[in-house]
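For reference, the structure is listed below as structure tokens.
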Amino acid sequence: MTSRLVVVSNRVPDGHASAAGGLAVALLDALRDHGGVWLGWSGHVVDSDIDAPRLRHSRQANIRRVTFDLDRRTHDGYYCGYSNGALWPVLHGRVDLARFDPGQWEDYRRANRWFAHALMQMLGEQDLVWIHDYHLLLVAQELRGLLSRHRIGLFLHTPLPAPDALAALPGHQRLLEALFDFDLVGLQTRGDLAHLADYLQAELGARRDGDDAFVHRGRRLRVQAFPIGIDAEAFRDLLREREAQDIQGLLRRQYARRELLVAVDRMDYSKGIPQRLQALRELYSRHPEDRGRATLIQIAVPGREGVQAYRELSAEVERLSGALNGDFGELEWIPLRLLRRAVSRRRLAGLFHASKAALVTPLRDGMNLVAKEYLAAQDRQDPGVLILSRFAGAAEQLGGAVLVNPYDVEGVAEAIHQALHMSREQRCERHRELIACVEQHDARWWSRSFVAALQGCKPGLQE
Ligand code: GDG
């Protein structure tokens, strides 16, 4: 009997291709393949308190979407507070930016309970439950409390820091012990896996059981790395669409005698945008010959503006970009074009294709799909250069990129200079190796590997 796949994530995207966010892009690919259900928050917040959320059902092709609203209190405490104000910075090694408010733990737990109750209303006996990301770490525990014996997997899209950094989170044990109610936990990289293994043994006293499992309080948990991929073919196909061709042609004409650099991120402190702008400033200071030659188009999609650190970052990026253009710009040339909004995926593909190099320089990133999309959008006969942070999960797979330390502004400036002057032969050679990896470990490979591993787990097994 085939099992249905039930995917659960904080947000369910509205299905428009222009929706930004790595999770949305990768999972729509996976679900289109498997068919199934996607459960999550609708994105709407209501002012009056909710006791039990009302589920709304809709269908798009072979994907059923089930969504519910959050009330203001839960949204602020669970989403802005515990998830994005405490967990996200800790997971990205930014304990300095974390805000710990004891009341928010209860909001987080309540939201996770809502997800579990909603699931129990719709799950069939054989269904596979695939939970996503740091917002929902307690869902398996809540489901087990409701006597669920389903196979439940978690994929964490963020990095997982070393045990010491994780232990800075107040109440970390009660949060991470709840992982043992999952059957499988998937992480992005082998580095993350090593951190989790160290944490489980050192902080929880869990016992290793074979190569990829741990036992704690009578429950067995499998942990494995599944580096997330993209649908490379579909991304490349976007280049054939009118919108992609138009923007590509326009940029080629506008920049006929210059080069384009591209960077695309959510406006998030993990993405290293201020450091990148400083590196650009450094480039123009060290290499005056590159002035007038290369312009960076930086797309920074705003979000999470209910969290103070994000409002501060946005102001800083604006200040740095104004100063860069003011200090180095000419009448006929500006060093930087900053767009604080999303653009369509087709235009993104066209922009990648027209760019001589991509600056993917996060301070820390679970994977970073932009790096892979940039490679997919290149002309194989004349590809651009990927400049990639060694602290992006993608660096574990894409070691053939120009790897940089994003904190080292001089090093990044030199890497950009190197990319601008790299021979076509060298660019082709690097690209050949990188694109082979992106194509082999694509979105389908990722979801199939995860689902196969989950199917292989014995559900609800007690020792
Ligand atoms: C999390 C983890 C992990 C961006 N701007 C626009 C746009 N995007 C799309 C990109 C890409 C996605 O959003 C961003 O994905 P990333 O992987 O770069 O980063 P996060 O959003 O932080 O995602 C990350 C990922 O989950 C998956 O596991 O790799 O480490 O943090 O697909 O193309 N799309 C459109 N317009 C934009 O302006 N249409």
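Letters A, B, ... mark the chains of the structure tokens in the order given; residue numbers begin at 1 per chain; ligand numbers begin at 1, in order shown.
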Next item on the list: Write out as a PyMOL selection string all residues of region 231-378 of chain A that DSSP puts in alpha helix (DSSP H) for this structure's backbone.
Entry: chain A and resi 232-237+242-254+273-286+308-328+345-354+369-376
Next item on the list: Quick one: everything within 10 Å of Arg341 (chain A), counting only C-alpha atoms, minus sequence neighbours fewer than 5 positions away in the same chain. Send it as a ChimeraX atom specification.
Entry: /A:20,266-267,299-303
Closest-contact table, chain A side, partner ligand 1, 9 Å, counting only C-alpha atoms and all ligand atoms, as JSON lines:
```
{"residue": "A:His16", "atom": "CA", "partner": "ligand 1", "partner_atom_place_in_ligand_line": "39 (N)", "distance": 9.0}
{"residue": "A:Ala17", "atom": "CA", "partner": "ligand 1", "partner_atom_place_in_ligand_line": "39 (N)", "distance": 6.4}
{"residue": "A:Ser18", "atom": "CA", "partner": "ligand 1", "partner_atom_place_in_ligand_line": "39 (N)", "distance": 3.9}
{"residue": "A:Ala19", "atom": "CA", "partner": "ligand 1", "partner_atom_place_in_ligand_line": "39 (N)", "distance": 5.5}
{"residue": "A:Ala20", "atom": "CA", "partner": "ligand 1", "partner_atom_place_in_ligand_line": "34 (N)", "distance": 4.0}
{"residue": "A:Gly21", "atom": "CA", "partner": "ligand 1", "partner_atom_place_in_ligand_line": "13 (O)", "distance": 3.7}
{"residue": "A:Gly22", "atom": "CA", "partner": "ligand 1", "partner_atom_place_in_ligand_line": "15 (O)", "distance": 3.2}
{"residue": "A:Leu23", "atom": "CA", "partner": "ligand 1", "partner_atom_place_in_ligand_line": "27 (C)", "distance": 4.6}
{"residue": "A:Ala24", "atom": "CA", "partner": "ligand 1", "partner_atom_place_in_ligand_line": "12 (C)", "distance": 7.8}
{"residue": "A:Val25", "atom": "CA", "partner": "ligand 1", "partner_atom_place_in_ligand_line": "32 (O)", "distance": 5.6}
{"residue": "A:Ala26", "atom": "CA", "partner": "ligand 1", "partner_atom_place_in_ligand_line": "27 (C)", "distance": 6.7}
{"residue": "A:Leu27", "atom": "CA", "partner": "ligand 1", "partner_atom_place_in_ligand_line": "27 (C)", "distance": 8.9}
{"residue": "A:Asp133", "atom": "CA", "partner": "ligand 1", "partner_atom_place_in_ligand_line": "26 (O)", "distance": 8.5}
{"residue": "A:Phe155", "atom": "CA", "partner": "ligand 1", "partner_atom_place_in_ligand_line": "28 (O)", "distance": 8.6}
{"residue": "A:Leu156", "atom": "CA", "partner": "ligand 1", "partner_atom_place_in_ligand_line": "28 (O)", "distance": 7.6}
{"residue": "A:His157", "atom": "CA", "partner": "ligand 1", "partner_atom_place_in_ligand_line": "28 (O)", "distance": 4.2}
{"residue": "A:Thr158", "atom": "CA", "partner": "ligand 1", "partner_atom_place_in_ligand_line": "2 (C)", "distance": 5.3}
{"residue": "A:Pro159", "atom": "CA", "partner": "ligand 1", "partner_atom_place_in_ligand_line": "30 (O)", "distance": 7.3}
{"residue": "A:Gln188", "atom": "CA", "partner": "ligand 1", "partner_atom_place_in_ligand_line": "28 (O)", "distance": 7.5}
{"residue": "A:Pro227", "atom": "CA", "partner": "ligand 1", "partner_atom_place_in_ligand_line": "28 (O)", "distance": 8.1}
{"residue": "A:Ile228", "atom": "CA", "partner": "ligand 1", "partner_atom_place_in_ligand_line": "28 (O)", "distance": 5.8}
{"residue": "A:Gly229", "atom": "CA", "partner": "ligand 1", "partner_atom_place_in_ligand_line": "27 (C)", "distance": 8.0}
{"residue": "A:Ile230", "atom": "CA", "partner": "ligand 1", "partner_atom_place_in_ligand_line": "32 (O)", "distance": 8.0}
{"residue": "A:Val264", "atom": "CA", "partner": "ligand 1", "partner_atom_place_in_ligand_line": "5 (N)", "distance": 5.4}
{"residue": "A:Asp265", "atom": "CA", "partner": "ligand 1", "partner_atom_place_in_ligand_line": "4 (C)", "distance": 5.3}
{"residue": "A:Arg266", "atom": "CA", "partner": "ligand 1", "partner_atom_place_in_ligand_line": "21 (O)", "distance": 6.0}
{"residue": "A:Asp268", "atom": "CA", "partner": "ligand 1", "partner_atom_place_in_ligand_line": "22 (O)", "distance": 7.9}
{"residue": "A:Ser270", "atom": "CA", "partner": "ligand 1", "partner_atom_place_in_ligand_line": "31 (O)", "distance": 8.3}
{"residue": "A:Lys271", "atom": "CA", "partner": "ligand 1", "partner_atom_place_in_ligand_line": "22 (O)", "distance": 7.9}
{"residue": "A:Ile299", "atom": "CA", "partner": "ligand 1", "partner_atom_place_in_ligand_line": "38 (O)", "distance": 6.3}
{"residue": "A:Ala300", "atom": "CA", "partner": "ligand 1", "partner_atom_place_in_ligand_line": "5 (N)", "distance": 6.9}
{"residue": "A:Val301", "atom": "CA", "partner": "ligand 1", "partner_atom_place_in_ligand_line": "5 (N)", "distance": 5.9}
{"residue": "A:Leu339", "atom": "CA", "partner": "ligand 1", "partner_atom_place_in_ligand_line": "38 (O)", "distance": 8.7}
{"residue": "A:Arg340", "atom": "CA", "partner": "ligand 1", "partner_atom_place_in_ligand_line": "38 (O)", "distance": 8.6}
{"residue": "A:Arg341", "atom": "CA", "partner": "ligand 1", "partner_atom_place_in_ligand_line": "38 (O)", "distance": 6.2}
{"residue": "A:Ala342", "atom": "CA", "partner": "ligand 1", "partner_atom_place_in_ligand_line": "38 (O)", "distance": 3.0}
{"residue": "A:Val343", "atom": "CA", "partner": "ligand 1", "partner_atom_place_in_ligand_line": "38 (O)", "distance": 4.0}
{"residue": "A:Ser344", "atom": "CA", "partner": "ligand 1", "partner_atom_place_in_ligand_line": "39 (N)", "distance": 4.2}
{"residue": "A:Arg345", "atom": "CA", "partner": "ligand 1", "partner_atom_place_in_ligand_line": "39 (N)", "distance": 3.7}
{"residue": "A:Arg346", "atom": "CA", "partner": "ligand 1", "partner_atom_place_in_ligand_line": "39 (N)", "distance": 7.4}
{"residue": "A:Arg347", "atom": "CA", "partner": "ligand 1", "partner_atom_place_in_ligand_line": "39 (N)", "distance": 8.0}
{"residue": "A:Leu348", "atom": "CA", "partner": "ligand 1", "partner_atom_place_in_ligand_line": "36 (N)", "distance": 6.5}
{"residue": "A:Ala349", "atom": "CA", "partner": "ligand 1", "partner_atom_place_in_ligand_line": "33 (O)", "distance": 8.5}
{"residue": "A:Val360", "atom": "CA", "partner": "ligand 1", "partner_atom_place_in_ligand_line": "18 (O)", "distance": 8.6}
{"residue": "A:Arg364", "atom": "CA", "partner": "ligand 1", "partner_atom_place_in_ligand_line": "30 (O)", "distance": 8.1}
{"residue": "A:Asp365", "atom": "CA", "partner": "ligand 1", "partner_atom_place_in_ligand_line": "30 (O)", "distance": 4.3}
{"residue": "A:Gly366", "atom": "CA", "partner": "ligand 1", "partner_atom_place_in_ligand_line": "30 (O)", "distance": 3.3}
{"residue": "A:Met367", "atom": "CA", "partner": "ligand 1", "partner_atom_place_in_ligand_line": "29 (O)", "distance": 3.6}
{"residue": "A:Asn368", "atom": "CA", "partner": "ligand 1", "partner_atom_place_in_ligand_line": "17 (O)", "distance": 3.4}
{"residue": "A:Leu369", "atom": "CA", "partner": "ligand 1", "partner_atom_place_in_ligand_line": "17 (O)", "distance": 3.7}
{"residue": "A:Val370", "atom": "CA", "partner": "ligand 1", "partner_atom_place_in_ligand_line": "18 (O)", "distance": 4.6}
{"residue": "A:Ala371", "atom": "CA", "partner": "ligand 1", "partner_atom_place_in_ligand_line": "18 (O)", "distance": 7.3}
{"residue": "A:Lys372", "atom": "CA", "partner": "ligand 1", "partner_atom_place_in_ligand_line": "32 (O)", "distance": 8.8}
{"residue": "A:Glu373", "atom": "CA", "partner": "ligand 1", "partner_atom_place_in_ligand_line": "33 (O)", "distance": 6.8}
{"residue": "A:Tyr374", "atom": "CA", "partner": "ligand 1", "partner_atom_place_in_ligand_line": "33 (O)", "distance": 8.7}
{"residue": "A:Ala392", "atom": "CA", "partner": "ligand 1", "partner_atom_place_in_ligand_line": "30 (O)", "distance": 7.2}
{"residue": "A:Gly393", "atom": "CA", "partner": "ligand 1", "partner_atom_place_in_ligand_line": "30 (O)", "distance": 6.9}
{"residue": "A:Ala394", "atom": "CA", "partner": "ligand 1", "partner_atom_place_in_ligand_line": "29 (O)", "distance": 7.9}
```
Margin query: Quick one: residues within 9 Å of region 135-151 of chain A, only C-alpha atoms, excluding same-chain residues fewer than 3 positions away - as a PyMOL selection string?
Written below: chain A and resi 8-10+78-79+82-84+87+108-109+111-117+119-120+123-132+154+175-176+178-184+454-455+457-461
Write a file of the just-selected residues containing N, CA and C atoms, as a compact mmCIF listing (two decimals), in the first residue's frame.
```
# COMPACT_ATOMS: atom_id res chain seq x y z
N VAL A 8 4.57 19.20 6.52
CA VAL A 8 4.15 20.21 7.49
C VAL A 8 5.26 21.25 7.61
N SER A 9 4.90 22.51 7.39
CA SER A 9 5.89 23.57 7.60
C SER A 9 5.18 24.77 8.18
N ASN A 10 5.94 25.68 8.75
CA ASN A 10 5.30 26.84 9.36
C ASN A 10 4.36 27.52 8.37
N TYR A 78 5.24 32.74 19.29
CA TYR A 78 5.78 31.53 18.62
C TYR A 78 6.64 31.88 17.41
N TYR A 79 6.12 32.77 16.55
CA TYR A 79 6.80 33.01 15.27
C TYR A 79 7.89 34.08 15.40
N TYR A 82 9.88 33.11 19.87
CA TYR A 82 10.76 31.96 20.11
C TYR A 82 11.45 31.48 18.82
N SER A 83 10.69 31.37 17.72
CA SER A 83 11.30 30.82 16.50
C SER A 83 12.35 31.77 15.92
N ASN A 84 11.93 33.02 15.65
CA ASN A 84 12.84 33.90 14.92
C ASN A 84 13.66 34.85 15.79
N LEU A 87 15.46 31.00 18.45
CA LEU A 87 16.03 29.81 17.81
C LEU A 87 16.88 30.13 16.57
N TYR A 108 5.29 28.84 21.83
CA TYR A 108 5.88 27.91 20.87
C TYR A 108 5.26 26.52 21.03
N ARG A 109 5.15 26.11 22.28
CA ARG A 109 4.58 24.79 22.55
C ARG A 109 3.10 24.74 22.09
N ALA A 111 1.62 26.51 19.76
CA ALA A 111 1.53 26.47 18.29
C ALA A 111 1.87 25.06 17.78
N ASN A 112 2.89 24.45 18.35
CA ASN A 112 3.25 23.09 17.94
C ASN A 112 2.12 22.10 18.22
N ARG A 113 1.40 22.34 19.34
CA ARG A 113 0.27 21.48 19.69
C ARG A 113 -0.85 21.64 18.65
N TRP A 114 -1.07 22.88 18.21
CA TRP A 114 -2.10 23.12 17.18
C TRP A 114 -1.78 22.34 15.91
N PHE A 115 -0.51 22.36 15.54
CA PHE A 115 -0.12 21.62 14.34
C PHE A 115 -0.40 20.13 14.53
N ALA A 116 -0.07 19.61 15.72
CA ALA A 116 -0.26 18.18 15.98
C ALA A 116 -1.75 17.81 15.94
N HIS A 117 -2.59 18.66 16.55
CA HIS A 117 -4.04 18.38 16.55
C HIS A 117 -4.59 18.41 15.13
N LEU A 119 -2.99 17.77 12.45
CA LEU A 119 -2.51 16.56 11.76
C LEU A 119 -3.37 15.35 12.10
N MET A 120 -3.67 15.19 13.41
CA MET A 120 -4.42 14.01 13.83
C MET A 120 -5.80 13.95 13.19
N LEU A 123 -4.72 12.53 9.35
CA LEU A 123 -3.78 11.46 9.02
C LEU A 123 -4.47 10.11 8.84
N GLY A 124 -4.08 9.41 7.77
CA GLY A 124 -4.45 8.01 7.63
C GLY A 124 -3.36 7.17 8.28
N GLU A 125 -3.69 5.89 8.53
CA GLU A 125 -2.78 5.04 9.31
C GLU A 125 -1.37 4.93 8.70
N GLN A 126 -1.33 4.86 7.36
CA GLN A 126 -0.04 4.60 6.69
C GLN A 126 0.70 5.87 6.29
N ASP A 127 0.11 7.03 6.54
CA ASP A 127 0.72 8.27 6.05
C ASP A 127 2.10 8.52 6.65
N LEU A 128 2.95 9.09 5.81
CA LEU A 128 4.27 9.52 6.28
C LEU A 128 4.18 10.99 6.62
N VAL A 129 4.73 11.36 7.76
CA VAL A 129 4.65 12.77 8.16
C VAL A 129 6.05 13.37 8.06
N TRP A 130 6.15 14.44 7.26
CA TRP A 130 7.45 15.08 7.06
C TRP A 130 7.37 16.53 7.55
N ILE A 131 7.96 16.75 8.71
CA ILE A 131 7.93 18.07 9.35
C ILE A 131 9.16 18.87 8.91
N HIS A 132 8.96 20.19 8.73
CA HIS A 132 10.08 21.02 8.29
C HIS A 132 10.41 22.14 9.25
N LEU A 154 11.84 14.75 10.45
CA LEU A 154 12.07 16.19 10.52
C LEU A 154 13.23 16.53 9.60
N LEU A 175 13.97 21.03 24.64
CA LEU A 175 13.69 21.20 23.21
C LEU A 175 14.32 20.06 22.41
N LEU A 176 15.58 19.76 22.71
CA LEU A 176 16.28 18.78 21.86
C LEU A 176 15.94 17.34 22.22
N ALA A 178 13.04 16.43 22.64
CA ALA A 178 11.82 16.18 21.86
C ALA A 178 12.14 15.64 20.47
N LEU A 179 13.40 15.76 20.05
CA LEU A 179 13.78 15.20 18.73
C LEU A 179 13.60 13.68 18.73
N PHE A 180 13.71 13.07 19.92
CA PHE A 180 13.63 11.61 19.97
C PHE A 180 12.22 11.08 19.70
N ASP A 181 11.24 11.95 19.61
CA ASP A 181 9.92 11.50 19.20
C ASP A 181 9.78 11.44 17.68
N PHE A 182 10.76 11.98 16.96
CA PHE A 182 10.82 11.75 15.51
C PHE A 182 11.47 10.38 15.30
N ASP A 183 11.26 9.82 14.10
CA ASP A 183 11.96 8.58 13.74
C ASP A 183 13.24 8.91 12.99
N LEU A 184 13.20 10.03 12.26
CA LEU A 184 14.35 10.41 11.42
C LEU A 184 14.53 11.91 11.50
N LEU A 454 12.86 7.55 5.58
CA LEU A 454 11.75 7.58 6.54
C LEU A 454 10.92 6.30 6.44
N GLN A 455 10.70 5.88 5.20
CA GLN A 455 9.94 4.64 5.02
C GLN A 455 10.66 3.45 5.64
N CYS A 457 12.27 3.44 8.39
CA CYS A 457 12.27 3.45 9.86
C CYS A 457 11.11 2.62 10.37
N LYS A 458 11.32 1.95 11.51
CA LYS A 458 10.20 1.22 12.13
C LYS A 458 9.42 2.23 12.96
N PRO A 459 8.13 2.41 12.69
CA PRO A 459 7.40 3.48 13.35
C PRO A 459 7.22 3.24 14.85
N GLY A 460 7.35 4.37 15.58
CA GLY A 460 7.03 4.36 17.00
C GLY A 460 7.77 3.30 17.80
N LEU A 461 8.95 2.89 17.30
CA LEU A 461 9.66 1.79 17.94
C LEU A 461 10.13 2.14 19.35
```
Next item on the list: Please provide as a PyMOL selection string all residues within 10 Å of region 246-248 of chain A, with the sequence filter that same-chain residues fewer than 4 positions apart are discarded (counting only C-alpha atoms).
Entry: chain A and resi 239+241-242+252-254+346-355
With C-alpha atoms retained, export the selected residues as a JSON list (two decimals), in the first residue's frame.
```
[["chain", "number", "residue", "atom", "x", "y", "z"],
["A", 239, "LEU", "CA", 15.61, 30.96, -19.39],
["A", 241, "GLU", "CA", 10.59, 32.15, -21.19],
["A", 242, "ARG", "CA", 9.92, 35.58, -22.59],
["A", 252, "ARG", "CA", 23.24, 42.68, -21.82],
["A", 253, "ARG", "CA", 22.59, 45.92, -23.71],
["A", 254, "GLN", "CA", 22.87, 48.12, -20.64],
["A", 346, "ARG", "CA", 11.94, 34.15, -14.50],
["A", 347, "ARG", "CA", 13.62, 37.52, -14.18],
["A", 348, "LEU", "CA", 15.90, 36.05, -11.52],
["A", 349, "ALA", "CA", 17.01, 33.33, -13.95],
["A", 350, "GLY", "CA", 17.65, 35.97, -16.65],
["A", 351, "LEU", "CA", 19.61, 38.09, -14.19],
["A", 352, "PHE", "CA", 21.75, 35.10, -13.13],
["A", 353, "HIS", "CA", 22.43, 34.25, -16.76],
["A", 354, "ALA", "CA", 23.58, 37.78, -17.54],
["A", 355, "SER", "CA", 25.90, 38.05, -14.52]]
```
Tell me, as a PDB file with C-alpha atoms, in the first residue's frame, which residues lie within 9 Å of Ala167 (chain A), counting only C-alpha atoms; anything in the same chain fewer than 6 positions away does not count.
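Final file, out.pdb:
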```pdb
ATOM      1  CA  GLN A 173      17.496  20.013  26.794  1.00  0.00           C
ATOM      2  CA  TYR A 199      25.293  17.348  21.406  1.00  0.00           C
ATOM      3  CA  GLU A 203      24.347  17.071  26.725  1.00  0.00           C
TER       4      GLU A 203
END
```
Check: Would you give me, as a PyMOL selection string, the residues in region 62-282 of chain A that DSSP reads as strand (DSSP E or B)?
Finding: chain A and resi 63-71+128-132+151-155+184-187+207-208+213-216+219-225+259-266
Mind running region 82-155 of chain A against region 308-323 of chain A at 10 Å and telling me each contacting residue's nearest atom pair with the distance in Å (one decimal), counting only C-alpha atoms, chain and number ascending, as CSV?
```
residue,atom,partner,partner_atom,distance
A:Asn84,CA,A:Ala309,CA,10.0
A:Gly85,CA,A:Ala309,CA,8.4
A:Pro89,CA,A:Ala309,CA,9.9
A:Leu97,CA,A:Ala309,CA,7.1
A:Ala98,CA,A:Ala309,CA,9.1
A:Arg99,CA,A:Gln308,CA,9.9
```
Next item on the list: Would you mind listing what lies within 9 Å of Phe391 (chain A) as number ranges by chain, with only C-alpha atoms counted and same-chain residues fewer than 5 positions away left out?
Entry: A: 361-366, 396, 404-406
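Between CA of Gly191 (chain A) and CA of His92 (chain A) lies a distance of 13.3 Å.
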Item checked: Pairwise distance for CA of Asp408 (chain A) and CA of Pro274 (chain A), rounded to one decimal in Å -> 12.1 Å
Check: Excluding same-chain residues fewer than 2 positions from Ser58 (chain A), what lies within 12 Å of it counting only C-alpha atoms, as a VMD selection string?
Finding: chain A and resid 12 14 to 15 37 to 39 42 55 to 56 60 to 68
Item checked: Selected residue of minimal separation from Val46 (chain A) among A:Glu330, A:Asp69, A:Asp211, A:Asp290, counting only C-alpha atoms -> A:Asp69
Notebook entry, point to check: Taking only C-alpha atoms into account, which of A:Arg32, A:Arg240, A:Arg293, A:Lys356 comes nearest Gly329 (chain A)?
Noted result: A:Arg293
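Take the candidates A:Gln397, A:Glu282, A:Leu420, A:Arg448 and check each one against Thr189 (chain A) using only C-alpha atoms; the shortest distance goes to A:Gln397.
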